[in-house]
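Next comes data_14.txt, a file with compact mmCIF, C-alpha atoms.
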```txt
# COMPACT_ATOMS: atom_id res chain seq x y z
CA MET A 1 -33.42 29.24 83.31
CA VAL A 2 -30.38 30.33 81.36
CA GLY A 3 -30.42 29.58 77.63
CA PHE A 4 -27.36 28.83 75.64
CA ILE A 5 -26.81 29.75 72.03
CA THR A 6 -24.57 27.36 70.24
CA THR A 7 -22.84 28.32 67.08
CA LYS A 8 -20.80 26.15 64.82
CA VAL A 9 -17.50 27.40 63.64
CA TYR A 10 -16.79 26.56 60.02
CA LEU A 11 -13.21 26.73 58.96
CA MET A 12 -12.59 28.14 55.53
CA PRO A 13 -10.51 25.88 53.35
CA THR A 14 -7.13 27.15 52.37
CA ILE A 15 -7.47 28.55 48.88
CA GLU A 16 -4.62 28.37 46.44
CA LYS A 17 -4.81 30.39 43.28
CA LEU A 18 -3.84 28.55 40.10
CA SER A 19 -3.63 29.79 36.57
CA ILE A 20 -4.88 27.35 33.94
CA ALA A 21 -4.97 27.39 30.17
CA LEU A 22 -8.04 26.03 28.41
CA PRO A 23 -8.82 25.54 24.74
CA HIS A 24 -11.12 28.27 23.41
CA GLU A 25 -14.11 25.90 23.28
CA MET A 26 -13.74 24.89 26.93
CA ALA A 27 -13.23 28.48 28.07
CA ALA A 28 -16.39 29.44 26.19
CA LEU A 29 -18.32 26.66 27.96
CA VAL A 30 -17.09 27.90 31.34
CA ARG A 31 -18.04 31.51 30.56
CA ARG A 32 -21.45 30.45 29.25
CA ALA A 33 -22.22 28.48 32.42
CA VAL A 34 -21.48 31.62 34.44
CA ASP A 35 -23.34 33.94 32.04
CA ILE A 36 -26.56 31.92 32.23
CA GLY A 37 -26.35 31.81 36.03
CA GLU A 38 -25.63 28.13 36.42
CA TYR A 39 -22.50 29.06 38.39
CA SER A 40 -21.49 32.25 40.13
CA SER A 41 -17.88 32.28 38.91
CA ASN A 42 -15.41 30.63 36.56
CA SER A 43 -13.68 29.14 39.60
CA GLU A 44 -16.92 27.53 40.74
CA VAL A 45 -17.27 25.81 37.35
CA ILE A 46 -13.74 24.47 37.53
CA ARG A 47 -14.15 23.31 41.16
CA ASP A 48 -17.33 21.45 40.21
CA ALA A 49 -15.58 19.82 37.26
CA LEU A 50 -12.68 18.80 39.49
CA ARG A 51 -15.08 17.29 42.05
CA ASP A 52 -16.65 15.20 39.26
CA TRP A 53 -13.20 14.19 38.00
CA THR A 54 -12.11 13.20 41.51
CA HIS A 55 -15.30 11.19 42.01
CA LYS A 56 -14.74 9.32 38.71
CA ARG A 57 -11.12 8.62 39.61
CA ASN A 58 -12.20 7.22 42.99
CA LEU A 59 -14.83 5.02 41.36
CA ARG A 60 -12.30 3.77 38.81
CA GLU A 61 -9.81 2.98 41.58
CA GLN A 62 -12.49 1.14 43.56
CA SER A 63 -13.38 -0.83 40.43
CA LEU A 64 -9.74 -1.73 39.84
CA SER A 65 -9.36 -2.77 43.46
CA GLY A 66 -12.44 -4.96 43.12
CA LEU A 67 -11.09 -6.55 39.95
CA ARG A 68 -7.72 -7.17 41.59
CA LYS A 69 -9.44 -8.83 44.53
CA ALA A 70 -11.62 -10.98 42.26
CA TRP A 71 -8.57 -11.98 40.22
CA GLN A 72 -6.63 -12.94 43.34
CA GLU A 73 -9.58 -14.98 44.61
CA ALA A 74 -9.90 -16.71 41.24
CA VAL A 75 -6.19 -17.53 41.13
CA ALA A 76 -6.32 -18.88 44.69
CA ASP A 77 -9.46 -20.95 43.96
CA ASP A 78 -8.42 -24.55 43.43
CA SER A 79 -11.92 -25.86 42.75
CA GLU A 80 -12.58 -27.75 39.55
CA GLY A 81 -14.64 -24.97 37.99
CA LEU A 82 -17.04 -25.28 35.06
CA ASP A 83 -16.68 -26.97 31.73
CA PRO A 84 -16.65 -24.02 29.29
CA GLU A 85 -18.42 -25.77 26.40
CA PRO A 86 -21.94 -25.81 27.95
CA VAL A 87 -21.48 -22.18 29.02
CA PHE A 88 -20.50 -21.14 25.48
CA ASP A 89 -23.38 -23.20 24.04
CA ARG A 90 -25.86 -21.37 26.30
CA LEU A 91 -24.40 -17.98 25.34
CA GLU A 92 -24.51 -18.84 21.65
CA GLY A 93 -28.13 -19.93 21.95
CA LYS A 94 -29.02 -16.75 23.78
CA LEU A 95 -27.32 -14.58 21.15
CA ASN A 96 -29.10 -16.48 18.37
CA ARG A 97 -32.49 -15.91 20.05
CA ILE A 98 -31.74 -12.19 20.42
CA ALA A 99 -30.69 -12.02 16.77
CA GLU A 100 -33.90 -13.74 15.67
CA GLU A 101 -36.07 -11.46 17.83
CA THR A 102 -34.40 -8.29 16.56
CA GLY A 103 -34.03 -9.47 12.96
CA ARG A 104 -30.27 -9.07 12.96
```

Show the structure stored in the file as structure tokens.
Amino acid sequence: MVGFITTKVYLMPTIEKLSIALPHEMAALVRRAVDIGEYSSNSEVIRDALRDWTHKRNLREQSLSGLRKAWQEAVADDSEGLDPEPVFDRLEGKLNRIAEETGR
């Protein structure tokens, strides 16, 4: 029986070197993260921060898309809807109960 060894080939991403300027406080935070061993290099800190930033931007965009969709559905909805007065009365009652319970 002949055995086969399979190996995966991982392509290295194209790396582009950028020069950035940071305020002293931020630069100190980056250096400290490397000094205490949390990251192996300044670049690794910045890449991690950019991944978080990208993730937050994507979440924000998804949230905006969801709000746009909900708005469009609400505008297109021709149903009668709710009378706002009972809704506001319930909310006011709820807030009053919370205020009484917390002493505020």

Problem - Between CA of Leu22 in chain A and CA of His55 in chain A - distance in Å to one decimal - result: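 Pair CA of His55 in chain A / CA of Leu22 in chain A returns 21.4 Å.
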
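CA of Ala27 in chain A sits 29.1 Å away from CA of Glu61 in chain A.
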
Please enclose the listed atoms of range 83-94 of chain A in an axis-aligned box, pad each side by 8 Å, and write out the centre and the three edge lengths in Å, rounded to one decimal, as AutoDock Vina command-line options.
```
--center_x -22.8 --center_y -21.9 --center_z 26.7 --size_x 28.4 --size_y 26.2 --size_z 26.1
```

Problem - Separation of CA of Asn58 in chain A from CA of Gln72 in chain A in Å - result: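 Straight-line distance from CA of Gln72 in chain A to CA of Asn58 in chain A works out to 20.9 Å.
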
Exercise for the section: Go through A:Leu64, A:Leu11, A:Leu95, A:Val30 and flag the residue nearest Glu44 in chain A, using only C-alpha atoms for the distances. Expected result: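 When distances to Glu44 in chain A are compared using only C-alpha atoms, the smallest one comes from A:Val30.
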
Problem - Shell of 8 Å around Val45 in chain A, only C-alpha atoms, local chain residues under 5 positions omitted, as a list in words - result: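 Within the cut-off, the hits are Val30, Ala33, Val34 and Tyr39 of chain A.
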
Near Leu18 in chain A, within 12 Å and counting all atoms listed in the file, which residues show up once chain neighbours fewer than 6 positions away are dropped, as a CSV table (one decimal) with C-alpha atoms, in the frame of the given file?
```
chain,number,residue,atom,x,y,z
A,43,SER,CA,-13.7,29.1,39.6
A,46,ILE,CA,-13.7,24.5,37.5
A,47,ARG,CA,-14.2,23.3,41.2
```

Requested file, range 44-93 of chain A restricted to N, CA and C atoms, as a PDB file, in the first residue's frame:
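Everything below was put into part19.pdb:
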```
ATOM      1  N   GLU A  44       2.329  43.937  14.918  1.00  0.00           N
ATOM      2  CA  GLU A  44       1.272  43.008  15.345  1.00  0.00           C
ATOM      3  C   GLU A  44       0.206  43.744  16.154  1.00  0.00           C
ATOM      4  N   VAL A  45       0.619  44.684  16.995  1.00  0.00           N
ATOM      5  CA  VAL A  45      -0.341  45.481  17.774  1.00  0.00           C
ATOM      6  C   VAL A  45      -1.244  46.271  16.831  1.00  0.00           C
ATOM      7  N   ILE A  46      -0.635  46.925  15.863  1.00  0.00           N
ATOM      8  CA  ILE A  46      -1.394  47.754  14.934  1.00  0.00           C
ATOM      9  C   ILE A  46      -2.323  46.900  14.079  1.00  0.00           C
ATOM     10  N   ARG A  47      -1.859  45.741  13.621  1.00  0.00           N
ATOM     11  CA  ARG A  47      -2.720  44.847  12.825  1.00  0.00           C
ATOM     12  C   ARG A  47      -3.929  44.397  13.645  1.00  0.00           C
ATOM     13  N   ASP A  48      -3.697  44.068  14.916  1.00  0.00           N
ATOM     14  CA  ASP A  48      -4.796  43.644  15.779  1.00  0.00           C
ATOM     15  C   ASP A  48      -5.798  44.789  15.963  1.00  0.00           C
ATOM     16  N   ALA A  49      -5.282  45.983  16.173  1.00  0.00           N
ATOM     17  CA  ALA A  49      -6.163  47.145  16.324  1.00  0.00           C
ATOM     18  C   ALA A  49      -6.963  47.396  15.052  1.00  0.00           C
ATOM     19  N   LEU A  50      -6.327  47.234  13.906  1.00  0.00           N
ATOM     20  CA  LEU A  50      -7.028  47.431  12.637  1.00  0.00           C
ATOM     21  C   LEU A  50      -8.077  46.351  12.402  1.00  0.00           C
ATOM     22  N   ARG A  51      -7.798  45.126  12.836  1.00  0.00           N
ATOM     23  CA  ARG A  51      -8.818  44.063  12.720  1.00  0.00           C
ATOM     24  C   ARG A  51     -10.036  44.415  13.563  1.00  0.00           C
ATOM     25  N   ASP A  52      -9.805  44.904  14.804  1.00  0.00           N
ATOM     26  CA  ASP A  52     -10.929  45.318  15.653  1.00  0.00           C
ATOM     27  C   ASP A  52     -11.705  46.467  15.019  1.00  0.00           C
ATOM     28  N   TRP A  53     -10.979  47.441  14.481  1.00  0.00           N
ATOM     29  CA  TRP A  53     -11.600  48.596  13.840  1.00  0.00           C
ATOM     30  C   TRP A  53     -12.447  48.155  12.648  1.00  0.00           C
ATOM     31  N   THR A  54     -11.909  47.250  11.839  1.00  0.00           N
ATOM     32  CA  THR A  54     -12.631  46.739  10.681  1.00  0.00           C
ATOM     33  C   THR A  54     -13.888  45.993  11.115  1.00  0.00           C
ATOM     34  N   HIS A  55     -13.764  45.192  12.167  1.00  0.00           N
ATOM     35  CA  HIS A  55     -14.916  44.453  12.687  1.00  0.00           C
ATOM     36  C   HIS A  55     -16.004  45.429  13.148  1.00  0.00           C
ATOM     37  N   LYS A  56     -15.622  46.480  13.887  1.00  0.00           N
ATOM     38  CA  LYS A  56     -16.602  47.461  14.353  1.00  0.00           C
ATOM     39  C   LYS A  56     -17.257  48.194  13.187  1.00  0.00           C
ATOM     40  N   ARG A  57     -16.477  48.528  12.184  1.00  0.00           N
ATOM     41  CA  ARG A  57     -17.041  49.194  11.003  1.00  0.00           C
ATOM     42  C   ARG A  57     -18.054  48.292  10.315  1.00  0.00           C
ATOM     43  N   ASN A  58     -17.722  47.007  10.188  1.00  0.00           N
ATOM     44  CA  ASN A  58     -18.646  46.058   9.555  1.00  0.00           C
ATOM     45  C   ASN A  58     -19.926  45.928  10.354  1.00  0.00           C
ATOM     46  N   LEU A  59     -19.802  45.850  11.690  1.00  0.00           N
ATOM     47  CA  LEU A  59     -20.999  45.757  12.531  1.00  0.00           C
ATOM     48  C   LEU A  59     -21.851  47.011  12.400  1.00  0.00           C
ATOM     49  N   ARG A  60     -21.201  48.169  12.381  1.00  0.00           N
ATOM     50  CA  ARG A  60     -21.933  49.428  12.242  1.00  0.00           C
ATOM     51  C   ARG A  60     -22.661  49.474  10.905  1.00  0.00           C
ATOM     52  N   GLU A  61     -21.995  49.031   9.843  1.00  0.00           N
ATOM     53  CA  GLU A  61     -22.618  49.027   8.517  1.00  0.00           C
ATOM     54  C   GLU A  61     -23.803  48.058   8.479  1.00  0.00           C
ATOM     55  N   GLN A  62     -23.642  46.899   9.117  1.00  0.00           N
ATOM     56  CA  GLN A  62     -24.752  45.946   9.179  1.00  0.00           C
ATOM     57  C   GLN A  62     -25.926  46.544   9.952  1.00  0.00           C
ATOM     58  N   SER A  63     -25.616  47.254  11.040  1.00  0.00           N
ATOM     59  CA  SER A  63     -26.670  47.888  11.828  1.00  0.00           C
ATOM     60  C   SER A  63     -27.387  48.944  11.006  1.00  0.00           C
ATOM     61  N   LEU A  64     -26.620  49.757  10.279  1.00  0.00           N
ATOM     62  CA  LEU A  64     -27.239  50.776   9.431  1.00  0.00           C
ATOM     63  C   LEU A  64     -28.099  50.142   8.346  1.00  0.00           C
ATOM     64  N   SER A  65     -27.605  49.061   7.762  1.00  0.00           N
ATOM     65  CA  SER A  65     -28.387  48.369   6.736  1.00  0.00           C
ATOM     66  C   SER A  65     -29.693  47.848   7.322  1.00  0.00           C
ATOM     67  N   GLY A  66     -29.606  47.299   8.529  1.00  0.00           N
ATOM     68  CA  GLY A  66     -30.807  46.808   9.196  1.00  0.00           C
ATOM     69  C   GLY A  66     -31.793  47.920   9.499  1.00  0.00           C
ATOM     70  N   LEU A  67     -31.272  49.073   9.929  1.00  0.00           N
ATOM     71  CA  LEU A  67     -32.154  50.210  10.203  1.00  0.00           C
ATOM     72  C   LEU A  67     -32.795  50.727   8.920  1.00  0.00           C
ATOM     73  N   ARG A  68     -31.998  50.783   7.847  1.00  0.00           N
ATOM     74  CA  ARG A  68     -32.564  51.220   6.561  1.00  0.00           C
ATOM     75  C   ARG A  68     -33.688  50.290   6.115  1.00  0.00           C
ATOM     76  N   LYS A  69     -33.454  48.992   6.270  1.00  0.00           N
ATOM     77  CA  LYS A  69     -34.464  48.015   5.867  1.00  0.00           C
ATOM     78  C   LYS A  69     -35.732  48.172   6.717  1.00  0.00           C
ATOM     79  N   ALA A  70     -35.541  48.317   8.032  1.00  0.00           N
ATOM     80  CA  ALA A  70     -36.698  48.484   8.921  1.00  0.00           C
ATOM     81  C   ALA A  70     -37.463  49.766   8.580  1.00  0.00           C
ATOM     82  N   TRP A  71     -36.724  50.831   8.283  1.00  0.00           N
ATOM     83  CA  TRP A  71     -37.367  52.092   7.917  1.00  0.00           C
ATOM     84  C   TRP A  71     -38.179  51.927   6.627  1.00  0.00           C
ATOM     85  N   GLN A  72     -37.577  51.282   5.640  1.00  0.00           N
ATOM     86  CA  GLN A  72     -38.280  51.081   4.369  1.00  0.00           C
ATOM     87  C   GLN A  72     -39.529  50.231   4.561  1.00  0.00           C
ATOM     88  N   GLU A  73     -39.435  49.209   5.416  1.00  0.00           N
ATOM     89  CA  GLU A  73     -40.605  48.374   5.695  1.00  0.00           C
ATOM     90  C   GLU A  73     -41.678  49.181   6.411  1.00  0.00           C
ATOM     91  N   ALA A  74     -41.257  50.038   7.341  1.00  0.00           N
ATOM     92  CA  ALA A  74     -42.229  50.846   8.080  1.00  0.00           C
ATOM     93  C   ALA A  74     -42.918  51.841   7.155  1.00  0.00           C
ATOM     94  N   VAL A  75     -42.157  52.458   6.259  1.00  0.00           N
ATOM     95  CA  VAL A  75     -42.736  53.412   5.316  1.00  0.00           C
ATOM     96  C   VAL A  75     -43.713  52.703   4.374  1.00  0.00           C
ATOM     97  N   ALA A  76     -43.372  51.500   3.966  1.00  0.00           N
ATOM     98  CA  ALA A  76     -44.228  50.754   3.039  1.00  0.00           C
ATOM     99  C   ALA A  76     -45.448  50.139   3.723  1.00  0.00           C
ATOM    100  N   ASP A  77     -45.428  50.053   5.058  1.00  0.00           N
ATOM    101  CA  ASP A  77     -46.520  49.429   5.806  1.00  0.00           C
ATOM    102  C   ASP A  77     -47.717  50.378   5.833  1.00  0.00           C
ATOM    103  N   ASP A  78     -48.816  49.954   5.268  1.00  0.00           N
ATOM    104  CA  ASP A  78     -49.999  50.808   5.241  1.00  0.00           C
ATOM    105  C   ASP A  78     -51.041  50.380   6.278  1.00  0.00           C
ATOM    106  N   SER A  79     -50.615  49.569   7.237  1.00  0.00           N
ATOM    107  CA  SER A  79     -51.559  49.153   8.279  1.00  0.00           C
ATOM    108  C   SER A  79     -51.863  50.341   9.192  1.00  0.00           C
ATOM    109  N   GLU A  80     -52.904  50.202   9.947  1.00  0.00           N
ATOM    110  CA  GLU A  80     -53.376  51.293  10.795  1.00  0.00           C
ATOM    111  C   GLU A  80     -52.387  51.624  11.911  1.00  0.00           C
ATOM    112  N   GLY A  81     -51.685  50.650  12.416  1.00  0.00           N
ATOM    113  CA  GLY A  81     -50.721  50.901  13.478  1.00  0.00           C
ATOM    114  C   GLY A  81     -51.365  50.961  14.845  1.00  0.00           C
ATOM    115  N   LEU A  82     -50.636  51.490  15.820  1.00  0.00           N
ATOM    116  CA  LEU A  82     -51.114  51.576  17.197  1.00  0.00           C
ATOM    117  C   LEU A  82     -51.427  53.016  17.569  1.00  0.00           C
ATOM    118  N   ASP A  83     -52.371  53.158  18.468  1.00  0.00           N
ATOM    119  CA  ASP A  83     -52.635  54.465  19.049  1.00  0.00           C
ATOM    120  C   ASP A  83     -51.492  54.742  20.037  1.00  0.00           C
ATOM    121  N   PRO A  84     -50.775  55.849  19.888  1.00  0.00           N
ATOM    122  CA  PRO A  84     -49.601  56.087  20.725  1.00  0.00           C
ATOM    123  C   PRO A  84     -49.915  56.359  22.196  1.00  0.00           C
ATOM    124  N   GLU A  85     -51.083  56.879  22.502  1.00  0.00           N
ATOM    125  CA  GLU A  85     -51.385  57.259  23.892  1.00  0.00           C
ATOM    126  C   GLU A  85     -51.292  56.086  24.871  1.00  0.00           C
ATOM    127  N   PRO A  86     -51.909  54.919  24.589  1.00  0.00           N
ATOM    128  CA  PRO A  86     -51.770  53.801  25.528  1.00  0.00           C
ATOM    129  C   PRO A  86     -50.308  53.326  25.655  1.00  0.00           C
ATOM    130  N   VAL A  87     -49.559  53.398  24.573  1.00  0.00           N
ATOM    131  CA  VAL A  87     -48.159  52.993  24.615  1.00  0.00           C
ATOM    132  C   VAL A  87     -47.392  53.932  25.546  1.00  0.00           C
ATOM    133  N   PHE A  88     -47.588  55.251  25.384  1.00  0.00           N
ATOM    134  CA  PHE A  88     -46.913  56.215  26.238  1.00  0.00           C
ATOM    135  C   PHE A  88     -47.363  56.080  27.693  1.00  0.00           C
ATOM    136  N   ASP A  89     -48.637  55.791  27.912  1.00  0.00           N
ATOM    137  CA  ASP A  89     -49.139  55.596  29.274  1.00  0.00           C
ATOM    138  C   ASP A  89     -48.447  54.412  29.944  1.00  0.00           C
ATOM    139  N   ARG A  90     -48.303  53.300  29.193  1.00  0.00           N
ATOM    140  CA  ARG A  90     -47.608  52.126  29.738  1.00  0.00           C
ATOM    141  C   ARG A  90     -46.154  52.457  30.059  1.00  0.00           C
ATOM    142  N   LEU A  91     -45.479  53.155  29.149  1.00  0.00           N
ATOM    143  CA  LEU A  91     -44.078  53.523  29.383  1.00  0.00           C
ATOM    144  C   LEU A  91     -43.942  54.434  30.599  1.00  0.00           C
ATOM    145  N   GLU A  92     -44.844  55.401  30.712  1.00  0.00           N
ATOM    146  CA  GLU A  92     -44.798  56.315  31.855  1.00  0.00           C
ATOM    147  C   GLU A  92     -45.017  55.560  33.160  1.00  0.00           C
ATOM    148  N   GLY A  93     -45.958  54.620  33.159  1.00  0.00           N
ATOM    149  CA  GLY A  93     -46.198  53.813  34.352  1.00  0.00           C
ATOM    150  C   GLY A  93     -44.985  52.980  34.717  1.00  0.00           C
TER     151      GLY A  93
END
```
